[in-house]
file data_36.pdb (PDB, C-alpha atoms)
ATOM      1  CA  MET A   1    -121.121 126.157  74.460
ATOM      2  CA  THR A   2    -121.685 123.825  77.411
ATOM      3  CA  ALA A   3    -118.418 121.988  77.845
ATOM      4  CA  PRO A   4    -118.212 118.434  79.164
ATOM      5  CA  SER A   5    -116.148 117.960  82.296
ATOM      6  CA  VAL A   6    -113.265 115.690  81.293
ATOM      7  CA  ALA A   7    -110.504 115.921  78.726
ATOM      8  CA  VAL A   8    -107.735 113.620  77.601
ATOM      9  CA  PHE A   9    -104.184 114.463  76.630
ATOM     10  CA  GLY A  10    -102.217 111.939  74.606
ATOM     11  CA  GLU A  11    -103.572 108.633  73.353
ATOM     12  CA  ARG A  12    -106.720 107.477  75.137
ATOM     13  CA  SER A  13    -107.063 104.060  76.714
ATOM     14  CA  ARG A  14    -110.323 102.133  77.021
ATOM     15  CA  TYR A  15    -110.567  98.871  78.928
ATOM     16  CA  LEU A  16    -112.630  95.678  78.637
ATOM     17  CA  GLY A  17    -112.962  93.711  81.885
ATOM     18  CA  LEU A  18    -113.564  89.942  81.803
ATOM     19  CA  ASP A  19    -114.544  87.401  84.470
ATOM     20  CA  TYR A  20    -113.735  84.049  82.845
ATOM     21  CA  GLY A  21    -115.473  80.807  83.822
ATOM     22  CA  ASP A  22    -116.032  77.353  82.344
ATOM     23  CA  ALA A  23    -119.553  78.206  81.166
ATOM     24  CA  THR A  24    -119.715  81.990  81.293
ATOM     25  CA  ILE A  25    -117.675  85.135  80.658
ATOM     26  CA  GLY A  26    -118.754  88.264  82.510
ATOM     27  CA  ILE A  27    -118.013  91.472  80.612
ATOM     28  CA  ALA A  28    -117.567  95.090  81.700
ATOM     29  CA  VAL A  29    -116.225  98.170  79.934
ATOM     30  CA  SER A  30    -114.602 101.373  81.121
ATOM     31  CA  CYS A  31    -115.883 104.839  80.300
ATOM     32  CA  PRO A  32    -113.984 106.643  77.490
ATOM     33  CA  ARG A  33    -111.656 108.267  80.031
ATOM     34  CA  GLY A  34    -110.733 104.912  81.626
ATOM     35  CA  ILE A  35    -112.000 105.775  85.117
ATOM     36  CA  ILE A  36    -115.419 104.142  85.703
ATOM     37  CA  ALA A  37    -116.306 100.478  84.941
ATOM     38  CA  THR A  38    -119.815  99.461  83.848
ATOM     39  CA  GLY A  39    -121.243  95.968  83.368
ATOM     40  CA  VAL A  40    -122.153  95.035  79.774
ATOM     41  CA  GLU A  41    -123.333  91.438  79.594
ATOM     42  CA  THR A  42    -122.608  87.764  80.357
ATOM     43  CA  LEU A  43    -121.622  85.362  77.595
ATOM     44  CA  ARG A  44    -122.913  81.824  78.214
ATOM     45  CA  ARG A  45    -121.270  78.807  76.568
ATOM     46  CA  LYS A  46    -123.013  75.408  76.392
ATOM     47  CA  ASN A  47    -119.739  73.761  75.391
ATOM     48  CA  PRO A  48    -116.790  75.079  77.447
ATOM     49  CA  GLU A  49    -114.364  73.906  74.748
ATOM     50  CA  GLU A  50    -116.074  75.904  71.978
ATOM     51  CA  MET A  51    -114.657  79.432  72.072
ATOM     52  CA  LYS A  52    -115.285  80.738  68.549
ATOM     53  CA  PRO A  53    -118.714  82.351  69.262
ATOM     54  CA  ALA A  54    -117.388  84.005  72.441
ATOM     55  CA  LEU A  55    -114.299  85.324  70.656
ATOM     56  CA  ALA A  56    -116.477  86.638  67.832
ATOM     57  CA  ARG A  57    -118.617  88.532  70.345
ATOM     58  CA  LEU A  58    -115.528  89.939  72.045
ATOM     59  CA  ARG A  59    -114.253  91.163  68.671
ATOM     60  CA  ASP A  60    -117.545  92.985  68.163
ATOM     61  CA  LEU A  61    -117.250  94.637  71.589
ATOM     62  CA  VAL A  62    -113.602  95.588  71.040
ATOM     63  CA  ALA A  63    -114.582  97.326  67.805
ATOM     64  CA  GLU A  64    -117.749  98.908  69.243
ATOM     65  CA  TYR A  65    -116.039 100.464  72.263
ATOM     66  CA  GLY A  66    -112.607 101.116  70.774
ATOM     67  CA  ILE A  67    -110.906  98.869  73.324
ATOM     68  CA  THR A  68    -107.148  99.202  73.821
ATOM     69  CA  HIS A  69    -106.654  96.916  76.870
ATOM     70  CA  ILE A  70    -108.316  93.732  78.165
ATOM     71  CA  VAL A  71    -108.284  93.194  81.936
ATOM     72  CA  LEU A  72    -108.841  89.536  82.812
ATOM     73  CA  GLY A  73    -109.631  88.458  86.375
ATOM     74  CA  ASN A  74    -107.058  86.053  87.837
ATOM     75  CA  PRO A  75    -108.778  83.682  90.354
ATOM     76  CA  LEU A  76    -105.921  82.975  92.754
ATOM     77  CA  HIS A  77    -106.291  81.139  96.040
ATOM     78  CA  MET A  78    -106.870  83.439  99.014
ATOM     79  CA  ASP A  79    -103.220  83.012 100.052
ATOM     80  CA  GLY A  80    -102.101  84.165  96.593
ATOM     81  CA  ARG A  81    -101.201  80.736  95.173
ATOM     82  CA  ALA A  82    -102.255  79.777  91.649
ATOM     83  CA  SER A  83    -105.471  77.751  91.479
ATOM     84  CA  ARG A  84    -106.738  75.304  88.869
ATOM     85  CA  ARG A  85    -109.101  78.051  87.677
ATOM     86  CA  SER A  86    -106.248  80.515  87.419
ATOM     87  CA  GLU A  87    -104.322  78.049  85.243
ATOM     88  CA  LYS A  88    -107.333  77.785  82.908
ATOM     89  CA  THR A  89    -107.625  81.559  82.930
ATOM     90  CA  ALA A  90    -103.954  81.875  81.978
ATOM     91  CA  ASP A  91    -104.631  79.593  79.001
ATOM     92  CA  PHE A  92    -107.562  81.838  78.045
ATOM     93  CA  ALA A  93    -105.326  84.903  78.370
ATOM     94  CA  ALA A  94    -102.858  83.307  75.941
ATOM     95  CA  ARG A  95    -105.735  82.653  73.548
ATOM     96  CA  LEU A  96    -106.827  86.281  73.818
ATOM     97  CA  GLY A  97    -103.270  87.334  73.056
ATOM     98  CA  ARG A  98    -103.290  85.299  69.858
ATOM     99  CA  ASN A  99    -106.656  86.700  68.765
ATOM    100  CA  PHE A 100    -106.141  90.335  69.830
ATOM    101  CA  LYS A 101    -102.494  90.935  68.995
ATOM    102  CA  ARG A 102    -102.802  94.733  69.064
ATOM    103  CA  LEU A 103    -104.317  94.846  72.556
ATOM    104  CA  SER A 104    -102.657  94.628  75.957
ATOM    105  CA  ILE A 105    -103.889  91.597  77.940
ATOM    106  CA  ILE A 106    -103.663  92.221  81.694
ATOM    107  CA  MET A 107    -104.155  89.570  84.408
ATOM    108  CA  TRP A 108    -105.686  91.154  87.537
ATOM    109  CA  ASP A 109    -106.191  89.610  90.992
ATOM    110  CA  GLU A 110    -109.918  88.894  91.399
ATOM    111  CA  ARG A 111    -109.862  87.190  94.807
ATOM    112  CA  PHE A 112    -112.282  89.605  96.409
ATOM    113  CA  SER A 113    -114.528  90.425  93.449
ATOM    114  CA  THR A 114    -117.004  87.550  93.852
ATOM    115  CA  GLN A 115    -117.357  88.192  97.593
ATOM    116  CA  ALA A 116    -118.019  91.859  96.858
ATOM    117  CA  VAL A 117    -120.700  90.947  94.328
ATOM    118  CA  ALA A 118    -122.317  88.520  96.767
ATOM    119  CA  ARG A 119    -122.707  91.366  99.245
ATOM    120  CA  THR A 120    -124.203  93.602  96.543
ATOM    121  CA  ILE A 121    -126.799  91.352  94.898
ATOM    122  CA  ASN A 122    -128.679  88.312  96.143
ATOM    123  CA  GLY A 123    -131.721  86.123  95.530
ATOM    124  CA  LYS A 124    -132.955  85.376  92.015
ATOM    125  CA  ASN A 125    -130.854  88.159  90.467
ATOM    126  CA  TYR A 126    -127.577  86.669  91.701
ATOM    127  CA  ALA A 127    -127.134  83.897  89.118
ATOM    128  CA  ALA A 128    -128.123  86.171  86.240
ATOM    129  CA  ARG A 129    -125.820  89.056  87.166
ATOM    130  CA  VAL A 130    -122.927  87.654  89.210
ATOM    131  CA  ASP A 131    -120.493  87.227  86.286
ATOM    132  CA  GLU A 132    -121.195  90.633  84.783
ATOM    133  CA  MET A 133    -120.896  92.282  88.198
ATOM    134  CA  ALA A 134    -117.708  90.369  88.972
ATOM    135  CA  ALA A 135    -116.200  91.673  85.705
ATOM    136  CA  THR A 136    -117.218  95.176  86.770
ATOM    137  CA  TYR A 137    -115.502  94.811  90.162
ATOM    138  CA  ILE A 138    -112.404  93.349  88.526
ATOM    139  CA  LEU A 139    -112.128  96.195  86.055
ATOM    140  CA  GLN A 140    -112.909  98.912  88.599
ATOM    141  CA  GLY A 141    -110.269  97.517  90.943
ATOM    142  CA  TYR A 142    -107.704  97.671  88.173
ATOM    143  CA  LEU A 143    -108.681 101.201  87.123
ATOM    144  CA  ASP A 144    -108.521 102.442  90.719
ATOM    145  CA  ALA A 145    -105.084 100.902  91.235
ATOM    146  CA  LEU A 146    -103.891 102.277  87.914
ATOM    147  CA  ARG A 147    -104.803 105.819  88.913
ATOM    148  CA  VAL A 148    -103.023 105.493  92.254
ATOM    149  CA  ASN A 149     -99.920 103.808  90.844
ATOM    150  CA  SER A 150     -99.658 106.235  87.930
ATOM    151  CA  GLN A 151     -99.343 109.184  90.302
ATOM    152  CA  GLN A 152    -102.922 110.437  90.279
ATOM    153  CA  TYR A 153    -103.188 114.251  90.308
ATOM    154  CA  TYR A 154     -99.593 114.598  89.136
ATOM    155  CA  GLY A 155     -98.287 115.737  85.773
ATOM    156  CA  THR A 156     -95.573 113.402  84.484
ATOM    157  CA  ARG A 157     -94.131 115.177  81.464
ATOM    158  CA  GLU A 158     -93.440 118.605  80.089
ATOM    159  CA  ILE A 159     -96.418 120.133  78.315
ATOM    160  CA  ASP A 160     -95.823 121.007  74.658
ATOM    161  CA  MET A 161     -97.596 124.259  73.816
ATOM    162  CA  ASP A 162     -98.108 123.067  70.232
ATOM    163  CA  GLU A 163    -100.282 120.177  71.404
ATOM    164  CA  GLN A 164    -104.018 120.315  71.941
ATOM    165  CA  ILE A 165    -106.154 119.002  74.757
ATOM    166  CA  ILE A 166    -109.231 117.088  73.589
ATOM    167  CA  LEU A 167    -112.452 117.493  75.525
ATOM    168  CA  VAL A 168    -114.574 114.315  75.381
ATOM    169  CA  ASP A 169    -118.267 114.144  76.252
ATOM    170  CA  GLU A 170    -120.172 111.077  77.438
ATOM    171  CA  ASP A 171    -121.138 110.180  73.851
ATOM    172  CA  GLY A 172    -117.540 110.274  72.658
ATOM    173  CA  GLY A 173    -117.836 113.686  70.988
ATOM    174  CA  GLU A 174    -114.587 115.644  70.893
ATOM    175  CA  GLN A 175    -113.750 119.362  71.117
ATOM    176  CA  PRO A 176    -110.101 120.462  70.810
ATOM    177  CA  PHE A 177    -108.621 123.257  72.927
ATOM    178  CA  ASP A 178    -105.352 125.076  72.279
ATOM    179  CA  ILE A 179    -102.990 125.246  75.247
ATOM    180  CA  LEU A 180    -102.040 128.830  76.093
ATOM    181  CA  ALA A 181    -100.066 128.180  79.270
ATOM    182  CA  ALA A 182     -99.243 125.403  81.756
ATOM    183  CA  LYS A 183     -98.321 125.795  85.424
ATOM    184  CA  GLU A 184     -97.670 123.458  88.343
ATOM    185  CA  HIS A 185     -98.863 124.106  91.865
ATOM    186  CA  GLU A 186     -98.270 121.631  94.696
ATOM    187  CA  GLN A 187     -97.336 119.002  92.074
ATOM    188  CA  ILE A 188    -100.619 119.400  90.176
ATOM    189  CA  THR A 189    -100.509 120.450  86.517
ATOM    190  CA  TYR A 190    -102.928 123.225  85.516
ATOM    191  CA  LEU A 191    -103.675 124.397  81.978
ATOM    192  CA  LEU A 192    -104.979 127.659  80.556
ATOM    193  CA  THR A 193    -106.655 126.843  77.239
ATOM    194  CA  MET A 194    -108.766 128.375  74.505
ATOM    195  CA  GLU A 195    -111.405 126.585  72.442
ATOM    196  CA  ALA A 196    -110.135 125.811  68.930
ATOM    197  CA  VAL A 197    -112.698 127.279  66.523
ATOM    198  CA  GLU A 198    -112.831 126.907  62.745
ATOM    199  CA  ASP A 199    -113.788 130.536  62.110
ATOM    200  CA  GLU A 200    -111.488 133.106  63.736
ATOM    201  CA  GLU A 201    -114.445 135.488  64.054
ATOM    202  CA  ASP A 202    -116.275 133.035  66.349
ATOM    203  CA  ASP A 203    -116.028 133.599  70.079
ATOM    204  CA  ALA A 204    -113.596 131.133  71.668
ATOM    205  CA  GLU A 205    -114.140 130.029  75.249
ATOM    206  CA  ILE A 206    -111.351 130.193  77.831
ATOM    207  CA  VAL A 207    -111.239 127.018  79.937
ATOM    208  CA  HIS A 208    -108.982 126.001  82.832
ATOM    209  CA  PHE A 209    -108.025 122.367  83.461
ATOM    210  CA  LYS A 210    -106.178 120.389  86.105
ATOM    211  CA  CYS A 211    -104.574 116.967  85.743
ATOM    212  CA  ILE A 212    -106.494 114.256  87.651
ATOM    213  CA  ALA A 213    -104.702 111.126  86.372
ATOM    214  CA  SER A 214    -101.702 110.180  84.278
ATOM    215  CA  GLU A 215    -100.101 107.090  82.769
ATOM    216  CA  GLY A 216     -96.782 107.611  81.034
ATOM    217  CA  ASP A 217     -97.339 110.262  78.369
ATOM    218  CA  ASP A 218    -101.133 110.033  78.674
ATOM    219  CA  MET A 219    -102.844 112.553  80.940
ATOM    220  CA  VAL A 220    -106.476 113.049  81.962
ATOM    221  CA  PHE A 221    -107.720 116.533  82.831
ATOM    222  CA  GLU A 222    -110.811 117.935  84.501
ATOM    223  CA  ILE A 223    -112.367 121.349  84.008
ATOM    224  CA  ILE A 224    -112.111 123.712  86.964
ATOM    225  CA  ASP A 225    -115.504 125.319  87.363
ATOM    226  CA  GLU A 226    -115.613 129.010  88.216
ATOM    227  CA  GLU A 227    -117.764 128.199  91.242
ATOM    228  CA  GLU A 228    -115.086 125.961  92.761
ATOM    229  CA  ASP A 229    -112.736 127.255  95.471
ATOM    230  CA  GLU A 230    -109.818 126.008  93.371
ATOM    231  CA  PHE A 231    -110.644 128.572  90.691
ATOM    232  CA  ALA A 232    -108.953 131.207  92.840
ATOM    233  CA  ILE A 233    -105.730 129.224  92.537
ATOM    234  CA  VAL A 234    -105.736 129.293  88.737
ATOM    235  CA  LEU A 235    -106.597 132.992  88.681
ATOM    236  CA  ALA A 236    -103.445 133.651  90.676
ATOM    237  CA  LEU A 237    -101.315 131.169  88.700
ATOM    238  CA  PHE A 238    -102.191 132.590  85.288
ATOM    239  CA  LYS A 239    -102.552 136.284  86.186
ATOM    240  CA  ASP A 240     -99.474 137.303  84.161
ATOM    241  CA  ASN A 241    -100.610 135.153  81.221
ATOM    242  CA  TYR A 242    -103.995 136.885  81.119
ATOM    243  CA  GLU A 243    -102.265 140.249  80.826
ATOM    244  CA  GLU A 244     -99.767 139.065  78.173
ATOM    245  CA  LEU A 245    -102.503 137.466  76.064
ATOM    246  CA  GLY A 246    -104.996 140.285  76.556
ATOM    247  CA  ILE A 247    -107.555 137.980  78.188
ATOM    248  CA  GLU A 248    -110.277 139.635  80.208
ATOM    249  CA  LEU A 249    -112.253 137.332  82.461
ATOM    250  CA  GLU A 250    -115.785 138.165  83.485
ATOM    251  CA  ASP A 251    -116.255 139.024  87.140
TER     252      ASP A 251
END
call {"tool": "encode", "arguments": {"input": "data_36.pdb", "output": "structure tokens"}}
result
Amino acid sequence: MTAPSVAVFGERSRYLGLDYGDATIGIAVSCPRGIIATGVETLRRKNPEEMKPALARLRDLVAEYGITHIVLGNPLHMDGRASRRSEKTADFAARLGRNFKRLSIIMWDERFSTQAVARTINGKNYAARVDEMAATYILQGYLDALRVNSQQYYGTREIDMDEQIILVDEDGGEQPFDILAAKEHEQITYLLTMEAVEDEEDDAEIVHFKCIASEGDDMVFEIIDEEEDEFAIVLALFKDNYEELGIELED
């Protein structure tokens, strides 16, 4: 089988990014692994006071993408003080909380998102795309900070050998792997795993992973390709495990 490159361990998080305005709401969504933000669309409201159609569309998107968190841009003044827009945004955040009680609503500093978008797009495309792009910058900024603040590249909990690691492809398809061994090297968690197959007579692939991000009990892993220099590290780390488990790796 051709394995996708990223796996998740624990409950997955998927984020919806919003850039809220009086007449528009820019929308972005994270990839299934919660690392990359992509623009989705811009909701336009003729009546700023009428929120039901916008909330209905957001419900559709939450269901479509399996959203667990909403990241809402907070338009503070450049010196960090609350602005009139940020007060309106806080009211919108409270409304989101009432309508999406199972989701986490996160306010995120958006002071530099619009300036970043202005440097990226211009001319006739600016008005059509600025809100969607601003939502993308807001969400990407949050995701980047989350990875840094959650000790990126570090394992944060003891690995239970009875758990499975779930490999997720770009279409959301999942393939479970059984964990055979876990080791730490220079504060990075590495896993030796075997593909979980339904028929014991089927060949099961041996795959090595390393932790690339973590948040609490949730961990994100990446496959270590045999062509990478780092593969030599895992060969040394799991040498004894190969012998104990009777695993023979191809040269």
call {"tool": "resolve_selection", "arguments": {"input": "data_36.pdb", "expression": "the PyMOL selection byres ((chain A and resi 90-94) around 10)", "output": "ChimeraX atom specification"}}
result
/A:20-21,51,70-75,84-89,95-100,105-107
call {"tool": "residues_around", "arguments": {"input": "data_36.pdb", "residues": "range 202-209 of chain A", "least_positions_apart": "4", "cutoff": "6 Å", "atoms": "only C-alpha atoms", "output": "MDAnalysis selection string"}}
result
chainID A and resid 190:195 221:224
call {"tool": "resolve_selection", "arguments": {"input": "data_36.pdb", "expression": "the PyMOL selection byres ((chain A and resi 40) around 6)", "output": "VMD selection string"}}
result
chain A and resid 27 to 28 39 41
call {"tool": "residues_around", "arguments": {"input": "data_36.pdb", "residues": "Pro53 in chain A", "least_positions_apart": "5", "cutoff": "10 Å", "atoms": "all atoms listed in the file", "output": "count of residues only"}}
result
5
call {"tool": "atom_distance", "arguments": {"input": "data_36.pdb", "atom1": "CA of Lys101 in chain A", "atom2": "CA of Val62 in chain A"}}
result
12.2 Å
call {"tool": "resolve_selection", "arguments": {"input": "data_36.pdb", "expression": "the PyMOL selection byres ((chain A and resi 233-239) around 10)", "output": "ChimeraX atom specification"}}
result
/A:180-185,190-192,208-210,224,226,228-232,240-244,247,249
